[in-house]
Structures are given as structure tokens and as C-alpha cells.
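Here is the structure we will look at, set down as C-alpha cells.
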Amino acid sequence: MKSKQATFILAMGLACTLVAWGKPLAVIGLFVVSGMAVGSLYALGGVGLVVLYRTTGVLNFASGAMGAAGVMLAWQLGQWGWYEPMTWVAGLALATGLSLFYGRLIAPHLAARDTVVKAVATLGFALIVLGATSFVWDDDVRSFTLPSDQMAIRLLGLRVTVTRLIVFLTTVALVIGIWVYLEHTRMGLQMRALANDRHISSLIGVRILKVETIAWGMAGFIAGFTGLMFGDLVRLEPNIITFVVIPSIAAAICGRLDSLGMVLIGGLFIGVLESLLTLSPWLKSVRTVAPFVVAIAMLVLLQSGNRLLFGRDE
Amino acid sequence: MKPRVTFGTAMLLMAAAAIMAFLPMILGGQWIKILTSAVCFSIAAAGAGFMYARLGMVSLAQVGLMGVGGWVVLRLNHGFDWPFEINLAIAAAVTTVFGWVLALPALRMRGLYLALITLMAASGLEIVFSTFRFPNGGEGFWGVLPSVAAPFRRPLLAQSDADYLRYVIGMLVLGFAVIEWHRQSAPGRAWAMIRRSEAAAMSSGVSVVYYKAWAFGLSGLLAGTAGGLLAGALGLLDPATFRASESIMLFALAVVGGARFWLGAVLAGVLYRVLPGLFNNWGWDADLTLVFFGAALLHALMTAPDGIAGQIHGLLRGRGGQKS
């Protein structure tokens, strides 16, 4: 598997170089930095998906919808003049709450089913949350801003807002933090045990519901945070934020739904490639295809040599 | 087994004949349009449904493939003077090949892998459609005019809207017949075996890769036909119809309707196209249909694996709902 990861990194590096070939270095720097910002958003969403998938075997299509509901609530409370940090807490709490609701009340009924059925079920929940969110907040032009949008630093000639910096640093910190948590704490050990075999874990005394509840809570919190950041950086529209889960899945695929480090690297590479494609006259207009093409290429690479299956599929 | 199939087929044919004869007469112009597109989506849903029911494969690119079919039909319509049927046949052939290409990386995959690769393809297609749009009679390969659209030639048999609805219903019945025929011949037996156990199928000499690709091709064929027929119904296509989220929705509804039954595909198309219209008529927010669809999907997955159609079948046979 290591060799495939290396192949992937090499291929992505090569693709980026090819697209950027012959352009002045300053321009490339500009696009790389802006690509990293988008890429870390993809990676952030992907990390949340992988944490949950590794523990419970559920690929959560609803994470985008949960984040969308959270950021819309935060916006609404802001409109009513709440103290800003309170609105963020409320948004995060709503996303976490929705995730816990699903994880505690609905997911256990499907625990014994195929991975794909579990994933499709979360689609149902995504539709419910999306429908309710867009029912409450009709189509309208809104914007959600954080105070950190005003602050900025200069990086390789590009003005980078502190919000983007926060996204990037949070993603890196999450990857490291979750890795340490899974490898070096008792709860992390139990999560990994659960991921290997739910049934046997319960026989040797792992408190399945407790462990799963924590995982759903973490995933919901990350979904809420991703939603807030998307609402601020991209667009505040439930429909769009809900289906941003798709490029996040693309980033997660780069890590085989398993390796958090690779999710981060994959997400960043996707963002950078997408941004660099702006330089190409032919591919400029379809550059947002990048995440999906990369994900398909990664899937093909993973299944070559007759060894497929995500870490824990089957 | 045999008599039940005959009974079901007879019922389907009778229902289709009655609907084809009377329904277009009693409906207003707007509803004929809505029903025509509902039937088109039923054809596509039949493809997604049969892959899920027969092979447990989740395809989340069905509406995207419809877009490919629609694109080809529009392209040929504005590029050449061929009759509609030939354009439709070519479109169906193209999406069949598209289905195979999509299946290639997925051949040795199962479950989640397959769902994800189709989802990625659908998202990619969404962007291609919204960038290049659909041909409407302009110059060049992409053939897009900024505003007005050139006329679309409908089939000779079905020039009016009401006749076109009959034509599309006929195609739907044909689609069901093709699926049923497959189910009862060699591919159907192979699929049943693969569904039970791939290892067992392989060891008894069934080529798993071949028959999986076949299923993909058939599903692509149905999607392409559906897309071409939709292009014929509307005369032009809008990229917003073929978003990845629509593919997801259609798959969800195919499960809600009941993937194992032809009635399920019909219900999926009706729910997909007619229900939002009804909600609008009743003055309810169409967003609420999403909530309803989502809840229905969860319900179908948890307690009613055969969907609404399965429950209707159960009722008809006096058992009050089917257990899986």
C-alpha cells in the first residue's frame, strides 16, 4: 500500500508541475497558496468522514447537510443580534446534535447491514436535514462572515485571510490530534477494535454504544466546523454546502477512507491542482472537475493488482 | 414462479394499454408534460433499481448518464437530418458504452467502492454539462446558441404532446420487457448467483466481470434512452436537470418505490416529478418533498426492503406487507 501512496503523490506532483510548467514562479506561488486554502477545506471534510468511517463503518453523506444546518443557524442568530461566539457555538452544537441523533437513534438499526446500505441510509438523513433547512431558510442571498476575514497576512505575494489560515492549521492539528488519540489512548484503542470487528469487540467488553457515540459526536463537530468555514469562505447556501460533501469524499478516497495523513495530502493536492488548472487555457473552464478525476484515478490505482477494498470494507 | 410472472406481465400490459389510451385524453397540457418527464425518469430508475435489486450494486450516476443520452440526441438532431429513432438508438448505444467505461474500474469492486466511483463520475458530468451546456442548434462541436433554440424533430408517430406521452409509455413498457427478459435468461441466472456469492459464481464458471459489465451496460442503455426521450419531450435540456444530487435522489426514490418491481420504477418516476408539482398545487413548500423522500428512504432501508411496490404486492396477495 505504501508504494501506491508514493505513486499517488508522485503522479499528483507531476500533474501539478505539468500544468504549471513555464509560468513565472511568482504566479505559481500565488495559485499554490490559494489552492492550499481550498484544498484544506476538502481535507477538513474528508478527515471528519474518515474518522467516522474507521470507527463505525458508516460513510456519512449527511455531514455536509449537518454543517449546512449549523451554519444557517449561526447566521440566523447573528441576524438576531446574538453575541458572535455564541452563534458559532450554537451552530457547532446543532451539527453535533444532528450527528448524535442519527448515530444514536438510527445508525444502530443498520449496524449489521452492508457498508453501502449504511452509506445510502445517511443519504436519506441528508435529504431530511437539507429539506428542513431549505424550508426554514428560503433561497436568498446571504453572507456569513467571521471577524478573522478582516485580518490577513502576506504569503508568497498573496494576501491570505486569517480564516483560511485557521482552516489549514486546524486541519493539520486535527490530523495529528486524532492520530495521537487513536494510537495512544484507551478510547482510541477501543475505536480501532470496533472498526476491526464490532461483534468481537462487544464480546471482550468494549462499550460499543459509548465508543460510537463519541465518534459520531466528533464527526458532527468537524462537520459543523467545516460548514461554518464553507459558509464563510465559499457560499452560504444550504444546497451547495450539503453537496460539498462530494469533493470531501474525493479527498477521503485519496486516503483509502483510512489514512488521515493521506486525506490531508490528497485534499491539498486536489486543491492545488484545481487552482493551477486556471493557468491552462483549455482546462480552465472545467477545473472544478479535478477532485472527481483525481478520486477516480486513485480508485483505479487502488484496485490495480487485484487488491482492492478499503481498509475495512468486507 | 412461472404463472406469477405471466400474471404480472399481463397486468403491466393491460395497465399500460389503458393508461396510454385514456390518460392523455383527460389530462391538461401541463400535466401531460409533467407525466412525460416522470415516465422518462421511470425508465432511468428502472435501470438503477434493477442493478440494486439484482446485483446489490449502487449506481449514483443514472441521471448523469441520462444527460449524456440527451446530449447525444440533441447533437445528432441539430447536426443531421436523421429520424428521431435513429438518434435515440445511437444515444442508447453511446450510453451503453459509457456504462461499460464506468464499469471498467468498478469491475472488481463491490459495495461502497462502486457507489463512490459512480458518484464521482456524476459530479464530473455535472460540471461538464454546466460548462459546455446542451446543443441547441449552434455551430461547432458543442453547438450552443446564446439564446434561441433550433426546432427539435419528434418521432413521426408522436408529434403532439399527448401522442408523445403514449410513445414514451410504450418505451417504458419495452424497457421493462428487456429487463424481464434478461432476468429470465442466462444473465439473470448469473446475476442471481453473483448476488448470492461472487466466489460461488466464479467457482461454477460464471464470468463475474462479464455479467457485471453487462448489467452496467443495460443500465446505461436505459439511462441513455430516458435522456434521449426527455430531450424529445422538452426540445432542449437544462444542465440543472442533471446534477449529481439528482442522480442521488433518483436512486433514493428507486429504492423507496421498490427496486425489485416494475411498479417501483413507475412510482419512483412519479414521486420524482409529480409529487413536487402536487406540493406546489397544494401551496406547500416543495422543499418538504425532500424531507418526505429522505424519511421514506430510511423507512425503506430499515423496515421495507422491497419498497412501496413490495408492500402493494404483499397486500394484493393478502399477506399484509412483505418480509424480506
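Chains: A, B, ... in order of the C-alpha cells. Residues: from 1 per chain. Ligands: from 1, in order shown.
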Worksheet item: Which neighbours of Cys16 (chain A) fall inside 12 Å, counting only C-alpha atoms, when residues of the same chain fewer than 6 positions from it are skipped, and could you give them as a PyMOL selection string?
Response: chain A and resi 9-10+22-23+28+31-32+35+268-280+290+294
Please tabulate, as CSV, the residues of chain B that come within 7 Å of chain A, each with its closest pair of atoms and the distance in Å to one decimal, counting only C-alpha atoms and ordering rows by chain, then residue number upward.
```
residue,atom,partner,partner_atom,distance
B:Pro105,CA,A:Val300,CA,5.5
B:Met109,CA,A:Leu308,CA,6.9
B:Gly111,CA,A:Val116,CA,5.3
B:Leu112,CA,A:Val116,CA,4.7
B:Ile117,CA,A:Ile296,CA,6.1
B:Met120,CA,A:Phe292,CA,4.9
B:Ala121,CA,A:Phe292,CA,6.8
B:Ser123,CA,A:Phe292,CA,6.9
B:Gly124,CA,A:Val289,CA,5.2
B:Ile127,CA,A:Val289,CA,6.4
B:Val128,CA,A:Val286,CA,6.5
B:Thr131,CA,A:Ser285,CA,6.6
B:Asp285,CA,A:Phe135,CA,6.9
B:Asp287,CA,A:Gly131,CA,5.0
B:Leu288,CA,A:Gly131,CA,5.6
B:Leu290,CA,A:Gly131,CA,4.8
B:Val291,CA,A:Ile128,CA,4.0
B:Gly294,CA,A:Gly124,CA,3.9
B:Ala295,CA,A:Gly124,CA,6.3
B:Leu297,CA,A:Gly124,CA,5.4
B:Leu298,CA,A:Gly124,CA,5.6
B:Leu301,CA,A:Ala121,CA,6.8
B:Met302,CA,A:Leu110,CA,6.9
```
Would you mind exporting C-alpha atoms of the selected residues as a compact mmCIF listing (two decimals), in the first residue's frame?
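Result file follows (again_24.txt):
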```txt
# COMPACT_ATOMS: atom_id res chain seq x y z
CA PRO B 105 -12.57 0.43 -12.94
CA MET B 109 -15.10 -3.51 -6.92
CA GLY B 111 -20.31 -2.21 -2.46
CA LEU B 112 -19.17 1.19 -1.41
CA ILE B 117 -16.87 5.84 -8.37
CA MET B 120 -17.51 10.89 -8.74
CA ALA B 121 -18.45 10.34 -12.39
CA SER B 123 -20.17 15.03 -10.25
CA GLY B 124 -17.70 15.28 -13.11
CA ILE B 127 -19.54 20.19 -14.29
CA VAL B 128 -19.03 19.24 -17.93
CA THR B 131 -19.68 24.33 -18.63
CA ASP B 285 -43.16 24.28 0.01
CA ASP B 287 -38.55 21.62 -0.12
CA LEU B 288 -40.74 19.47 2.08
CA LEU B 290 -37.03 16.31 0.28
CA VAL B 291 -37.92 15.63 3.91
CA GLY B 294 -35.45 11.17 2.99
CA ALA B 295 -37.78 9.71 5.60
CA LEU B 297 -35.67 6.16 2.11
CA LEU B 298 -34.74 5.48 5.74
CA LEU B 301 -33.91 0.63 4.13
CA MET B 302 -34.79 -0.24 7.70
```
Response to the item:
Judged by only C-alpha atoms, the minimum distance to Gly258 (chain B) among B:Leu88, B:Gln311, B:Phe132, B:Lys33 is found for B:Gln311
Worksheet item: Leaving out Lys2 (chain A) and any residue of its chain fewer than 6 positions from it, which residues lie within 12 Å of it when counting only C-alpha atoms, given as a ChimeraX atom specification?
Response: /A:8-9,255-256,259,262,302
Only C-alpha atoms, please: the residues just picked out, written as an mmCIF file, in the first residue's frame.
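For reference, part00.cif as written:
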```cif
data_model
loop_
_atom_site.group_PDB
_atom_site.id
_atom_site.type_symbol
_atom_site.label_atom_id
_atom_site.label_comp_id
_atom_site.auth_asym_id
_atom_site.auth_seq_id
_atom_site.Cartn_x
_atom_site.Cartn_y
_atom_site.Cartn_z
ATOM 1 C CA PHE A 8 -0.202 8.821 -5.966
ATOM 2 C CA ILE A 9 1.946 11.611 -4.500
ATOM 3 C CA GLY A 255 -6.642 8.212 1.915
ATOM 4 C CA ARG A 256 -8.489 4.957 1.161
ATOM 5 C CA SER A 259 -5.220 7.080 6.413
ATOM 6 C CA MET A 262 -3.129 10.782 3.055
ATOM 7 C CA LEU A 302 -6.101 1.188 -5.565
#
```
Discussion item. Please determine, counting only C-alpha atoms, which residue among B:Thr118, B:Arg75, B:Leu125, B:Tyr113 has the shortest atom-to-atom distance to Glu139 (chain B).
Written reply: B:Arg75
Practice prompt. Write out as a VMD selection string all residues of region 134-302 of chain A that backbone DSSP assigns to strand (DSSP E or B).
Written response: chain A and resid 152 to 155 158 to 161
Would you write out those residues with N, CA and C atoms, as a PDB file, in the first residue's frame?
```pdb
ATOM      1  N   ALA A 152      -5.350  39.626   7.932  1.00  0.00           N
ATOM      2  CA  ALA A 152      -4.682  38.896   6.863  1.00  0.00           C
ATOM      3  C   ALA A 152      -3.170  38.996   7.014  1.00  0.00           C
ATOM      4  N   ILE A 153      -2.495  38.018   6.439  1.00  0.00           N
ATOM      5  CA  ILE A 153      -1.043  38.096   6.345  1.00  0.00           C
ATOM      6  C   ILE A 153      -0.661  37.926   4.882  1.00  0.00           C
ATOM      7  N   ARG A 154       0.575  38.228   4.526  1.00  0.00           N
ATOM      8  CA  ARG A 154       1.022  38.040   3.135  1.00  0.00           C
ATOM      9  C   ARG A 154       1.879  36.794   3.064  1.00  0.00           C
ATOM     10  N   LEU A 155       1.558  35.965   2.065  1.00  0.00           N
ATOM     11  CA  LEU A 155       2.305  34.719   1.915  1.00  0.00           C
ATOM     12  C   LEU A 155       2.603  34.543   0.428  1.00  0.00           C
ATOM     13  N   LEU A 158       0.647  36.640  -1.807  1.00  0.00           N
ATOM     14  CA  LEU A 158      -0.816  36.595  -1.806  1.00  0.00           C
ATOM     15  C   LEU A 158      -1.319  36.973  -0.418  1.00  0.00           C
ATOM     16  N   ARG A 159      -2.397  37.750  -0.411  1.00  0.00           N
ATOM     17  CA  ARG A 159      -2.991  38.118   0.863  1.00  0.00           C
ATOM     18  C   ARG A 159      -3.842  36.944   1.338  1.00  0.00           C
ATOM     19  N   VAL A 160      -3.466  36.390   2.465  1.00  0.00           N
ATOM     20  CA  VAL A 160      -4.181  35.233   2.999  1.00  0.00           C
ATOM     21  C   VAL A 160      -4.923  35.653   4.249  1.00  0.00           C
ATOM     22  N   THR A 161      -6.259  35.497   4.238  1.00  0.00           N
ATOM     23  CA  THR A 161      -7.008  35.891   5.430  1.00  0.00           C
ATOM     24  C   THR A 161      -6.742  34.893   6.547  1.00  0.00           C
TER      25      THR A 161
END
```
Item to complete: Please report, as a PyMOL selection string, each residue of region 215-300 of chain A to which DSSP assigns helix (DSSP H, G or I) when run on this structure's backbone.
Response: chain A and resi 215-233+238-243+245-254+260-279+284-300
Worksheet item: Could you pull the residues within 12 Å of region 97-103 of chain B, counting only C-alpha atoms, minus those fewer than 3 positions along the same chain, as a ChimeraX atom specification?
Response: /A:296,299-300 /B:47-48,57-62,64-69,72,90-94,106-110,113-122,125,209-224
Practice prompt. May I ask which of the residues B:Met14, B:Leu104, B:Leu74, B:Phe84 is the closest one to Gln159 (chain B), counting only C-alpha atoms?
Written response: B:Phe84
Discussion item. Taking 3 positions as the minimum chain separation for residues in the same chain, which residues sit within 9 Å of Ala93 (chain A) when counting only C-alpha atoms? Answer as a PyMOL selection string.
Written reply: chain A and resi 70+88-90+96-98+220-221+224
